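Peer 1: Input file: structure38.cif. Contents: mmCIF, C-alpha atoms and all ligand atoms.
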```cif
data_coords
#
loop_
_atom_site.label_atom_id
_atom_site.label_comp_id
_atom_site.auth_asym_id
_atom_site.auth_seq_id
_atom_site.Cartn_x
_atom_site.Cartn_y
_atom_site.Cartn_z
CA MET A 115 104.81 -38.02 57.62
CA VAL A 116 101.35 -39.17 58.58
CA LEU A 117 100.36 -35.56 59.14
CA ASP A 118 101.64 -34.58 55.68
CA ALA A 119 99.68 -37.33 53.98
CA GLY A 120 96.53 -36.11 55.81
CA ARG A 121 97.18 -32.52 54.73
CA ILE A 122 97.75 -33.55 51.12
CA PHE A 123 94.49 -35.51 51.15
CA CYS A 124 92.58 -32.54 52.59
CA TYR A 125 94.15 -30.26 50.00
CA TYR A 126 93.17 -32.73 47.25
CA LEU A 127 89.55 -32.79 48.49
CA PHE A 128 89.43 -29.00 48.65
CA MET A 129 90.86 -28.62 45.13
CA ARG A 130 88.45 -31.23 43.77
CA TRP A 131 85.51 -29.36 45.32
CA PHE A 132 86.90 -26.05 44.05
CA VAL A 133 87.37 -27.28 40.46
CA ARG A 134 83.87 -28.83 40.37
CA LYS A 135 82.44 -25.58 41.74
CA GLU A 136 84.26 -23.57 39.07
CA LYS A 137 82.97 -25.91 36.36
CA GLY A 138 79.46 -25.59 37.75
CA ILE A 139 79.24 -29.29 38.58
CA LYS A 140 76.81 -29.98 41.41
CA SER A 141 77.03 -33.17 43.41
CA LYS A 142 74.32 -35.72 42.73
CA GLU A 143 72.98 -33.59 39.85
CA LYS A 144 71.24 -35.71 37.19
CA LYS A 145 72.16 -35.18 33.58
CA PRO A 146 69.41 -33.19 31.89
CA ILE A 147 67.21 -35.33 29.62
CA PRO A 148 67.16 -33.87 26.10
CA ASP A 149 63.64 -32.80 25.27
CA GLY A 150 61.60 -35.34 23.32
CA VAL A 151 64.11 -38.21 23.57
CA TRP A 152 62.49 -39.94 26.52
CA VAL A 153 58.82 -40.58 27.18
CA LYS A 154 57.24 -41.57 30.47
CA CYS A 155 54.70 -44.40 30.32
CA ASP A 156 51.31 -43.10 31.45
CA SER A 157 50.51 -46.46 33.01
CA CYS A 158 53.63 -47.89 34.72
CA GLY A 159 55.76 -44.74 34.88
CA GLU A 160 58.74 -46.36 33.12
CA ILE A 161 61.00 -43.92 31.26
CA LEU A 162 61.14 -45.12 27.67
CA TYR A 163 63.40 -44.26 24.77
CA ARG A 164 61.22 -42.56 22.17
CA LYS A 165 62.81 -44.31 19.17
CA GLU A 166 62.31 -47.72 20.77
CA LEU A 167 58.74 -46.81 21.60
CA GLU A 168 58.12 -45.76 18.00
CA LYS A 169 59.55 -49.07 16.77
CA ASN A 170 57.19 -50.82 19.17
CA LEU A 171 54.19 -48.96 17.61
CA TRP A 172 53.85 -46.80 20.76
CA VAL A 173 53.17 -49.74 23.05
CA CYS A 174 55.04 -49.77 26.37
CA PRO A 175 57.46 -52.77 26.30
CA ARG A 176 57.16 -53.11 30.07
CA CYS A 177 53.39 -53.04 30.70
CA SER A 178 51.86 -53.15 27.17
CA TYR A 179 50.13 -49.80 27.67
CA HIS A 180 48.89 -48.57 24.29
CA PHE A 181 49.75 -44.89 23.89
CA ARG A 182 47.31 -42.77 21.93
CA ILE A 183 48.60 -42.26 18.39
CA SER A 184 47.67 -39.98 15.51
CA HIS A 185 45.47 -40.74 12.50
CA LYS A 186 48.61 -40.75 10.34
CA LYS A 187 50.15 -43.62 12.30
CA TYR A 188 47.02 -45.77 11.98
CA LEU A 189 46.86 -45.14 8.23
CA GLU A 190 50.57 -46.08 7.93
CA MET A 191 50.08 -49.14 10.08
CA LEU A 192 46.98 -50.52 8.36
CA LEU A 193 47.26 -49.59 4.69
CA ASP A 194 49.65 -50.73 1.98
CA GLU A 195 52.22 -48.00 1.46
CA GLY A 196 51.20 -45.17 -0.85
CA THR A 197 47.66 -46.42 -1.46
CA PHE A 198 45.70 -43.89 0.61
CA LYS A 199 43.63 -41.32 -1.29
CA GLU A 200 41.83 -38.85 0.94
CA LYS A 201 38.16 -37.98 0.29
CA ASP A 202 36.15 -35.00 1.55
CA GLY A 203 39.29 -33.47 3.06
CA ASN A 204 37.88 -30.00 2.35
CA LEU A 205 34.88 -30.31 4.72
CA ALA A 206 35.36 -27.97 7.69
CA PRO A 207 33.17 -27.17 10.70
CA VAL A 208 31.04 -24.01 10.98
CA ASP A 209 30.24 -22.21 14.23
CA PHE A 210 26.52 -21.79 13.50
CA LEU A 211 25.51 -21.58 17.19
CA LYS A 212 28.10 -18.87 17.89
CA PHE A 213 29.39 -21.06 20.72
CA LYS A 214 31.96 -19.37 22.96
CA ASP A 215 35.57 -20.04 21.86
CA TYR A 216 34.53 -22.72 19.32
CA PRO A 217 36.33 -21.05 16.37
CA LYS A 218 39.49 -20.78 18.49
CA LYS A 219 39.30 -24.46 19.39
CA ILE A 220 38.81 -25.42 15.76
CA GLU A 221 41.78 -23.34 14.68
CA LYS A 222 44.04 -24.80 17.38
CA SER A 223 43.00 -28.37 16.54
CA MET A 224 43.55 -27.77 12.83
CA LYS A 225 47.11 -26.63 13.62
CA ASN A 226 47.77 -29.59 15.95
CA THR A 227 46.49 -32.31 13.63
CA GLY A 228 46.73 -30.95 10.08
CA LEU A 229 43.07 -31.99 9.72
CA LYS A 230 39.96 -29.86 9.13
CA ASP A 231 37.93 -31.96 11.58
CA ALA A 232 38.30 -34.97 13.89
CA ILE A 233 38.27 -37.64 11.18
CA ILE A 234 40.14 -38.44 7.98
CA CYS A 235 38.40 -40.57 5.35
CA GLY A 236 39.42 -42.05 2.04
CA GLU A 237 40.19 -45.17 0.09
CA GLY A 238 43.20 -47.44 0.20
CA LYS A 239 44.39 -51.01 0.00
CA ILE A 240 45.15 -53.59 2.67
CA GLU A 241 47.26 -56.49 1.36
CA GLY A 242 45.96 -55.55 -2.08
CA MET A 243 42.30 -55.53 -1.00
CA ASP A 244 40.35 -52.31 -1.67
CA VAL A 245 38.84 -50.65 1.40
CA GLU A 246 37.17 -47.43 2.44
CA ILE A 247 38.79 -46.25 5.65
CA CYS A 248 38.12 -43.54 8.24
CA VAL A 249 40.41 -42.73 11.16
CA MET A 250 39.42 -40.42 14.00
CA ASP A 251 41.97 -38.24 15.77
CA PHE A 252 41.43 -37.58 19.48
CA LYS A 253 43.66 -34.51 19.28
CA PHE A 254 40.94 -32.66 17.37
CA ILE A 255 38.61 -31.41 20.15
CA GLY A 256 38.67 -34.82 21.87
CA GLY A 257 37.73 -36.65 18.67
CA SER A 258 34.26 -35.19 19.05
CA MET A 259 31.59 -35.86 16.44
CA GLY A 260 30.01 -32.76 14.94
CA SER A 261 28.24 -32.32 11.59
CA VAL A 262 31.44 -32.76 9.58
CA VAL A 263 32.49 -36.03 11.25
CA GLY A 264 28.97 -37.45 10.81
CA GLU A 265 28.78 -36.34 7.20
CA LYS A 266 32.21 -37.75 6.35
CA VAL A 267 31.35 -41.10 7.95
CA LYS A 268 28.05 -41.19 6.03
CA ARG A 269 29.80 -40.42 2.74
CA ALA A 270 32.42 -43.13 3.42
CA ILE A 271 29.58 -45.61 4.06
CA TYR A 272 27.91 -44.61 0.78
CA ARG A 273 31.18 -44.99 -1.13
CA ALA A 274 31.71 -48.45 0.39
CA LYS A 275 28.15 -49.33 -0.65
CA GLU A 276 28.61 -48.03 -4.22
CA ARG A 277 31.98 -49.68 -4.72
CA LYS A 278 31.05 -52.77 -2.71
CA VAL A 279 34.31 -52.62 -0.76
CA PRO A 280 34.69 -53.15 3.01
CA LEU A 281 34.60 -50.20 5.37
CA ILE A 282 37.03 -49.81 8.27
CA ILE A 283 36.67 -47.13 10.91
CA VAL A 284 39.32 -46.52 13.59
CA ASN A 285 37.50 -44.77 16.42
CA ALA A 286 38.81 -42.40 19.09
CA SER A 287 36.22 -40.10 20.55
CA GLY A 288 34.79 -38.47 23.62
CA GLY A 289 31.37 -38.38 21.93
CA ALA A 290 29.14 -35.81 20.26
CA ARG A 291 30.46 -32.24 19.98
CA MET A 292 28.55 -30.00 22.36
CA GLN A 293 29.46 -26.86 20.42
CA GLU A 294 27.16 -28.05 17.61
CA GLY A 295 24.25 -28.97 19.88
CA ILE A 296 21.42 -31.02 18.43
CA LEU A 297 23.11 -31.31 15.02
CA SER A 298 25.86 -33.36 16.65
CA LEU A 299 23.33 -35.72 18.18
CA MET A 300 21.59 -36.12 14.81
CA GLN A 301 24.78 -37.63 13.41
CA MET A 302 24.13 -40.73 15.52
CA ALA A 303 20.89 -41.52 13.69
CA LYS A 304 22.34 -40.49 10.33
CA THR A 305 25.40 -42.77 10.51
CA ALA A 306 23.50 -45.68 12.08
CA SER A 307 20.81 -45.67 9.38
CA ALA A 308 23.46 -45.39 6.63
CA LEU A 309 25.19 -48.47 8.09
CA ASN A 310 21.90 -50.31 7.80
CA LEU A 311 21.99 -49.74 4.03
CA LEU A 312 25.52 -51.15 3.99
CA ALA A 313 24.34 -54.25 5.85
CA GLU A 314 21.52 -54.73 3.31
CA GLU A 315 24.13 -54.82 0.56
CA LYS A 316 26.18 -57.28 2.62
CA VAL A 317 29.24 -55.06 2.54
CA PRO A 318 31.43 -55.77 5.61
CA TYR A 319 32.26 -53.10 8.16
CA ILE A 320 35.06 -53.49 10.72
CA SER A 321 35.08 -51.12 13.67
CA ILE A 322 38.31 -50.63 15.61
CA LEU A 323 37.97 -49.06 19.05
CA THR A 324 40.94 -47.23 20.51
CA ASN A 325 41.36 -45.43 23.82
CA PRO A 326 38.89 -43.81 24.39
CA THR A 327 35.76 -44.52 22.33
CA THR A 328 32.80 -43.25 24.28
CA ALA A 329 29.38 -41.59 24.31
CA GLY A 330 27.66 -40.65 21.03
CA VAL A 331 30.26 -42.32 18.81
CA MET A 332 30.23 -45.55 20.82
CA ALA A 333 26.42 -45.42 20.83
CA SER A 334 26.29 -45.17 17.03
CA TYR A 335 28.70 -46.29 14.30
CA ALA A 336 31.55 -47.46 16.57
CA SER A 337 29.54 -50.31 18.08
CA LEU A 338 27.76 -51.34 14.86
CA GLY A 339 30.61 -53.17 13.11
CA ASP A 340 30.21 -56.68 11.72
CA ALA A 341 33.37 -57.16 13.73
CA VAL A 342 34.19 -54.86 16.64
CA ILE A 343 37.86 -54.95 17.62
CA ALA A 344 39.32 -53.07 20.58
CA GLU A 345 42.87 -52.24 21.57
CA PRO A 346 43.82 -53.53 25.06
CA GLY A 347 42.89 -51.35 28.03
CA ALA A 348 40.82 -48.85 26.01
CA LEU A 349 38.09 -46.89 27.78
CA LEU A 350 34.84 -47.84 26.03
CA GLY A 351 31.32 -46.90 26.98
CA PHE A 352 28.41 -44.52 26.72
CA ALA A 353 28.04 -42.44 29.89
CA GLY A 354 31.05 -41.89 32.16
CA PRO A 355 31.43 -44.04 35.29
CA ARG A 356 30.52 -41.19 37.67
CA VAL A 357 27.18 -40.53 35.94
CA ILE A 358 26.34 -44.24 35.93
CA GLN A 359 27.27 -44.61 39.60
CA GLN A 360 25.05 -41.67 40.53
CA THR A 361 22.15 -43.03 38.46
CA ILE A 362 22.13 -46.66 39.61
CA LYS A 363 23.44 -45.80 43.09
CA GLN A 364 25.78 -48.78 43.12
CA GLU A 365 29.54 -49.25 43.28
CA LEU A 366 30.99 -50.11 39.88
CA PRO A 367 33.18 -53.21 39.51
CA PRO A 368 36.96 -52.81 38.98
CA GLY A 369 38.02 -52.37 35.34
CA PHE A 370 34.53 -51.21 34.43
CA GLN A 371 34.31 -49.88 30.82
CA ARG A 372 37.74 -51.14 29.79
CA SER A 373 38.17 -53.38 26.70
CA GLU A 374 38.67 -56.51 28.83
CA PHE A 375 35.45 -55.88 30.78
CA MET A 376 33.51 -55.16 27.57
CA LEU A 377 34.77 -58.39 25.96
CA LYS A 378 33.75 -60.42 28.99
CA HIS A 379 30.25 -58.93 28.78
CA GLY A 380 29.82 -59.50 25.05
CA MET A 381 29.96 -55.86 23.95
CA ILE A 382 32.94 -56.34 21.63
CA ASP A 383 34.23 -59.29 19.58
CA MET A 384 37.93 -59.29 20.33
CA ILE A 385 40.87 -57.46 21.84
CA VAL A 386 43.85 -57.14 19.55
CA GLU A 387 47.27 -55.77 20.36
CA ARG A 388 48.45 -53.04 18.04
CA LYS A 389 51.25 -55.17 16.56
CA ASN A 390 48.62 -57.71 15.43
CA LEU A 391 46.02 -55.21 14.23
CA LYS A 392 46.75 -55.32 10.50
CA LYS A 393 47.12 -59.11 10.50
CA THR A 394 43.74 -59.48 12.22
CA VAL A 395 42.00 -57.03 9.87
CA VAL A 396 43.42 -58.93 6.87
CA THR A 397 42.18 -62.25 8.27
CA LEU A 398 38.71 -60.81 8.87
CA LEU A 399 38.55 -59.18 5.42
CA ARG A 400 39.54 -62.46 3.73
CA HIS A 401 36.91 -64.25 5.76
CA PHE A 402 34.17 -61.73 4.92
CA LEU A 403 35.14 -61.62 1.24
CA ASN A 404 35.54 -65.42 0.94
CA LYS A 405 39.14 -65.06 -0.21
ZN ZN A 501 54.25 -49.00 30.84
#
```
Could you render the structure from this file as structure tokens?
Ligand SMILES: [Zn+2]

Peer 2:
Amino acid sequence: MVLDAGRIFCYYLFMRWFVRKEKGIKSKEKKPIPDGVWVKCDSCGEILYRKELEKNLWVCPRCSYHFRISHKKYLEMLLDEGTFKEKDGNLAPVDFLKFKDYPKKIEKSMKNTGLKDAIICGEGKIEGMDVEICVMDFKFIGGSMGSVVGEKVKRAIYRAKERKVPLIIVNASGGARMQEGILSLMQMAKTASALNLLAEEKVPYISILTNPTTAGVMASYASLGDAVIAEPGALLGFAGPRVIQQTIKQELPPGFQRSEFMLKHGMIDMIVERKNLKKTVVTLLRHFLNK
């Protein structure tokens, strides 16, 4: 009787294995994750549900890591619904130096972002207040600043000056665009001097720094705001850490060039979490406009 029970159990195990094999079920196999439903946090490695992450404005609920988001999301987040009117959307870059693969890169970035260059500019309203706004998109050749980006920023500054409405720029950039050589570098002087005219007219300018805002953009219009706000943990700076380390021949402190370090050293005015960004901009605008 005992023997029979043992045989039956063995038979059961065999059949179970056989059926699973026939069905293609492998032991310990994980269920495949449907593409695009889950996202891994770049900072803490947590697997996050995309819809939840979207609801949380692409900020990791576990470690508060701020994911990089598109220009569209910043416009949605900051402006009153349906108030954005794009300006200079037809300006597109030209490969005047015949730089290797530049046209290909432009074409690819245009497809990826729906933009003609690394910035979108226009007018809109924030809590009913008129603003000129520009938002950079890192997906367009690393948010690099060539002639078009510089020209669009300058025109936005001039419009803000003419209309006497505040200017807001959301920055995300690796710096000047090497494929446009010296003309990229000239945009630094052009935008900085235009901002000086804005200051003379006492028109406020709020600069928002997102991850990363570096090099030629950080060294020109991004750091010249009447208020400079950064998202937490953003990489901010001019030269990269390796170049600095080689130049000064010293070890760099931990957290060097992150928002928190820059705040501590007086390079920025405040760090604001994404969920509080609009609220903070509204408070600042009301303060600047005496409302
Ligand atoms: Zn995380």

Peer 1: Go through the chains and note each residue within 7 Å of ligand ZN 501 (chain A), using all atoms listed in the file, then give the set as a list in words.

Peer 2: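 My answer, listing the contacting residues, is Cys155, Asp156, Ser157, Cys158, Gly159, Glu160, Cys174, Pro175, Arg176, Cys177, Ser178 and Tyr179 of chain A.
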
Peer 1: For each of A:Lys199, A:Arg356, A:Lys253, A:Lys222, take the minimum atom-to-atom distance to Glu237 in chain A, counting only C-alpha atoms, then give the residue where this is smallest.

Peer 2: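 When distances to Glu237 in chain A are compared using only C-alpha atoms, the smallest one comes from A:Lys199.
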
Peer 1: List as a VMD selection string the residues having at least one atom at most 12 Å from position (23.4, -28.9, 14.0) as given in the file, counting only C-alpha atoms.

Peer 2: chain A and resid 207 to 213 259 to 265 290 to 302

Peer 1: Kindly save the residues from that selection, with C-alpha atoms included, as a PDB file, in the coordinates of the input.

Peer 2:
```pdb
ATOM      1  CA  PRO A 207      33.170 -27.170  10.700  1.00  0.00           C
ATOM      2  CA  VAL A 208      31.040 -24.010  10.980  1.00  0.00           C
ATOM      3  CA  ASP A 209      30.240 -22.210  14.230  1.00  0.00           C
ATOM      4  CA  PHE A 210      26.520 -21.790  13.500  1.00  0.00           C
ATOM      5  CA  LEU A 211      25.510 -21.580  17.190  1.00  0.00           C
ATOM      6  CA  LYS A 212      28.100 -18.870  17.890  1.00  0.00           C
ATOM      7  CA  PHE A 213      29.390 -21.060  20.720  1.00  0.00           C
ATOM      8  CA  MET A 259      31.590 -35.860  16.440  1.00  0.00           C
ATOM      9  CA  GLY A 260      30.010 -32.760  14.940  1.00  0.00           C
ATOM     10  CA  SER A 261      28.240 -32.320  11.590  1.00  0.00           C
ATOM     11  CA  VAL A 262      31.440 -32.760   9.580  1.00  0.00           C
ATOM     12  CA  VAL A 263      32.490 -36.030  11.250  1.00  0.00           C
ATOM     13  CA  GLY A 264      28.970 -37.450  10.810  1.00  0.00           C
ATOM     14  CA  GLU A 265      28.780 -36.340   7.200  1.00  0.00           C
ATOM     15  CA  ALA A 290      29.140 -35.810  20.260  1.00  0.00           C
ATOM     16  CA  ARG A 291      30.460 -32.240  19.980  1.00  0.00           C
ATOM     17  CA  MET A 292      28.550 -30.000  22.360  1.00  0.00           C
ATOM     18  CA  GLN A 293      29.460 -26.860  20.420  1.00  0.00           C
ATOM     19  CA  GLU A 294      27.160 -28.050  17.610  1.00  0.00           C
ATOM     20  CA  GLY A 295      24.250 -28.970  19.880  1.00  0.00           C
ATOM     21  CA  ILE A 296      21.420 -31.020  18.430  1.00  0.00           C
ATOM     22  CA  LEU A 297      23.110 -31.310  15.020  1.00  0.00           C
ATOM     23  CA  SER A 298      25.860 -33.360  16.650  1.00  0.00           C
ATOM     24  CA  LEU A 299      23.330 -35.720  18.180  1.00  0.00           C
ATOM     25  CA  MET A 300      21.590 -36.120  14.810  1.00  0.00           C
ATOM     26  CA  GLN A 301      24.780 -37.630  13.410  1.00  0.00           C
ATOM     27  CA  MET A 302      24.130 -40.730  15.520  1.00  0.00           C
TER      28      MET A 302
END
```

Peer 1: From the options A:Pro346, A:Lys169, A:Pro368, A:Pro318, which residue's atoms come nearest to Asn404 in chain A, counting all atoms listed in the file?

Peer 2: A:Pro318

Peer 1: Using all atoms listed in the file, find the one residue out of A:Leu171, A:Ala270, A:Leu189, A:Leu349 that sits nearest to Lys201 in chain A.

Peer 2: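 Looking at the shortest contact to Lys201 in chain A, the residue is A:Ala270.
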
Peer 1: Contacts of range 381-387 of chain A at 10 Å or less, counting only C-alpha atoms, minus same-chain residues fewer than 5 places along, as a PyMOL selection string?

Peer 2: chain A and resi 173+178-180+321-323+337-348+350-351+373-376+392-395

Peer 1: What is the distance between CA of Lys389 in chain A and CA of Glu168 in chain A, in Å to one decimal?

Peer 2: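 Value for the CA of Lys389 in chain A-CA of Glu168 in chain A distance: 11.7 Å.
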
Peer 1: Between CA of Leu366 in chain A and CA of His379 in chain A, what is the spacing in Å?

Peer 2: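 That distance, rounded to one decimal, is 14.2 Å.
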
Peer 1: Kindly give the distance, in Å, that separates CA of Gln371 in chain A and CA of Leu167 in chain A, rounded to a single decimal.

Peer 2: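 So the two atoms, CA of Gln371 in chain A and CA of Leu167 in chain A, lie 26.3 Å apart.
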
Peer 1: Which residues of range 297-374 of chain A have any atom within 12 Å of an atom in range 245-250 of chain A when counting only C-alpha atoms, and what is the closest pair of atoms for each, with the distance in Å to one decimal? Order the rows by chain and rising number and write it as JSON lines.

Peer 2:
```
{"residue": "A:Val317", "atom": "CA", "partner": "A:Val245", "partner_atom": "CA", "distance": 10.6}
{"residue": "A:Pro318", "atom": "CA", "partner": "A:Val245", "partner_atom": "CA", "distance": 9.9}
{"residue": "A:Tyr319", "atom": "CA", "partner": "A:Glu246", "partner_atom": "CA", "distance": 9.4}
{"residue": "A:Ile320", "atom": "CA", "partner": "A:Ile247", "partner_atom": "CA", "distance": 9.6}
{"residue": "A:Ser321", "atom": "CA", "partner": "A:Cys248", "partner_atom": "CA", "distance": 9.8}
{"residue": "A:Ile322", "atom": "CA", "partner": "A:Val249", "partner_atom": "CA", "distance": 9.3}
{"residue": "A:Leu323", "atom": "CA", "partner": "A:Met250", "partner_atom": "CA", "distance": 10.1}
{"residue": "A:Thr324", "atom": "CA", "partner": "A:Met250", "partner_atom": "CA", "distance": 9.5}
{"residue": "A:Asn325", "atom": "CA", "partner": "A:Met250", "partner_atom": "CA", "distance": 11.2}
{"residue": "A:Pro326", "atom": "CA", "partner": "A:Met250", "partner_atom": "CA", "distance": 10.9}
{"residue": "A:Thr327", "atom": "CA", "partner": "A:Met250", "partner_atom": "CA", "distance": 10.0}
{"residue": "A:Val331", "atom": "CA", "partner": "A:Met250", "partner_atom": "CA", "distance": 10.5}
{"residue": "A:Tyr335", "atom": "CA", "partner": "A:Cys248", "partner_atom": "CA", "distance": 11.5}
{"residue": "A:Ala336", "atom": "CA", "partner": "A:Met250", "partner_atom": "CA", "distance": 10.9}
```

Peer 1: Let me see the file: selected residues, C-alpha atoms, as an mmCIF file, in the coordinates of the input.

Peer 2:
```cif
data_model
loop_
_atom_site.group_PDB
_atom_site.id
_atom_site.type_symbol
_atom_site.label_atom_id
_atom_site.label_comp_id
_atom_site.auth_asym_id
_atom_site.auth_seq_id
_atom_site.Cartn_x
_atom_site.Cartn_y
_atom_site.Cartn_z
ATOM 1 C CA VAL A 317 29.240 -55.060 2.540
ATOM 2 C CA PRO A 318 31.430 -55.770 5.610
ATOM 3 C CA TYR A 319 32.260 -53.100 8.160
ATOM 4 C CA ILE A 320 35.060 -53.490 10.720
ATOM 5 C CA SER A 321 35.080 -51.120 13.670
ATOM 6 C CA ILE A 322 38.310 -50.630 15.610
ATOM 7 C CA LEU A 323 37.970 -49.060 19.050
ATOM 8 C CA THR A 324 40.940 -47.230 20.510
ATOM 9 C CA ASN A 325 41.360 -45.430 23.820
ATOM 10 C CA PRO A 326 38.890 -43.810 24.390
ATOM 11 C CA THR A 327 35.760 -44.520 22.330
ATOM 12 C CA VAL A 331 30.260 -42.320 18.810
ATOM 13 C CA TYR A 335 28.700 -46.290 14.300
ATOM 14 C CA ALA A 336 31.550 -47.460 16.570
#
```

Peer 1: Near range 196-198 of chain A, counting all atoms listed in the file, which residues have an atom at most 7 Å away, once you skip same-chain residues fewer than 3 positions from it, shown as JSON, numbers by chain?

Peer 2: {"A": [193, 236, 237, 238, 239]}

Peer 1: With only C-alpha atoms as the basis for distance, which of A:Phe254, A:Arg164, A:Lys218, A:Gly288 is at the shortest distance from Phe181 in chain A?

Peer 2: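 Result for the nearest residue to Phe181 in chain A: A:Arg164.
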
Peer 1: Within 6 Å of Gly289 in chain A, counting all atoms listed in the file, which residues qualify if same-chain residues fewer than 6 places away don't, as a VMD selection string?

Peer 2: chain A and resid 258 328 to 331

Peer 1: Go through A:Ala274, A:Val267, A:Leu391, A:Ala286 and flag the residue nearest Ala306 in chain A, using all atoms listed in the file for the distances.

Peer 2: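 Looking only at the distances to Ala306 in chain A, the closest residue turns out to be A:Val267.
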
Peer 1: Nearest residue to Tyr163 in chain A out of A:Gly150, A:Gly242, A:Pro217, A:Gly354, using all atoms listed in the file?

Peer 2: A:Gly150
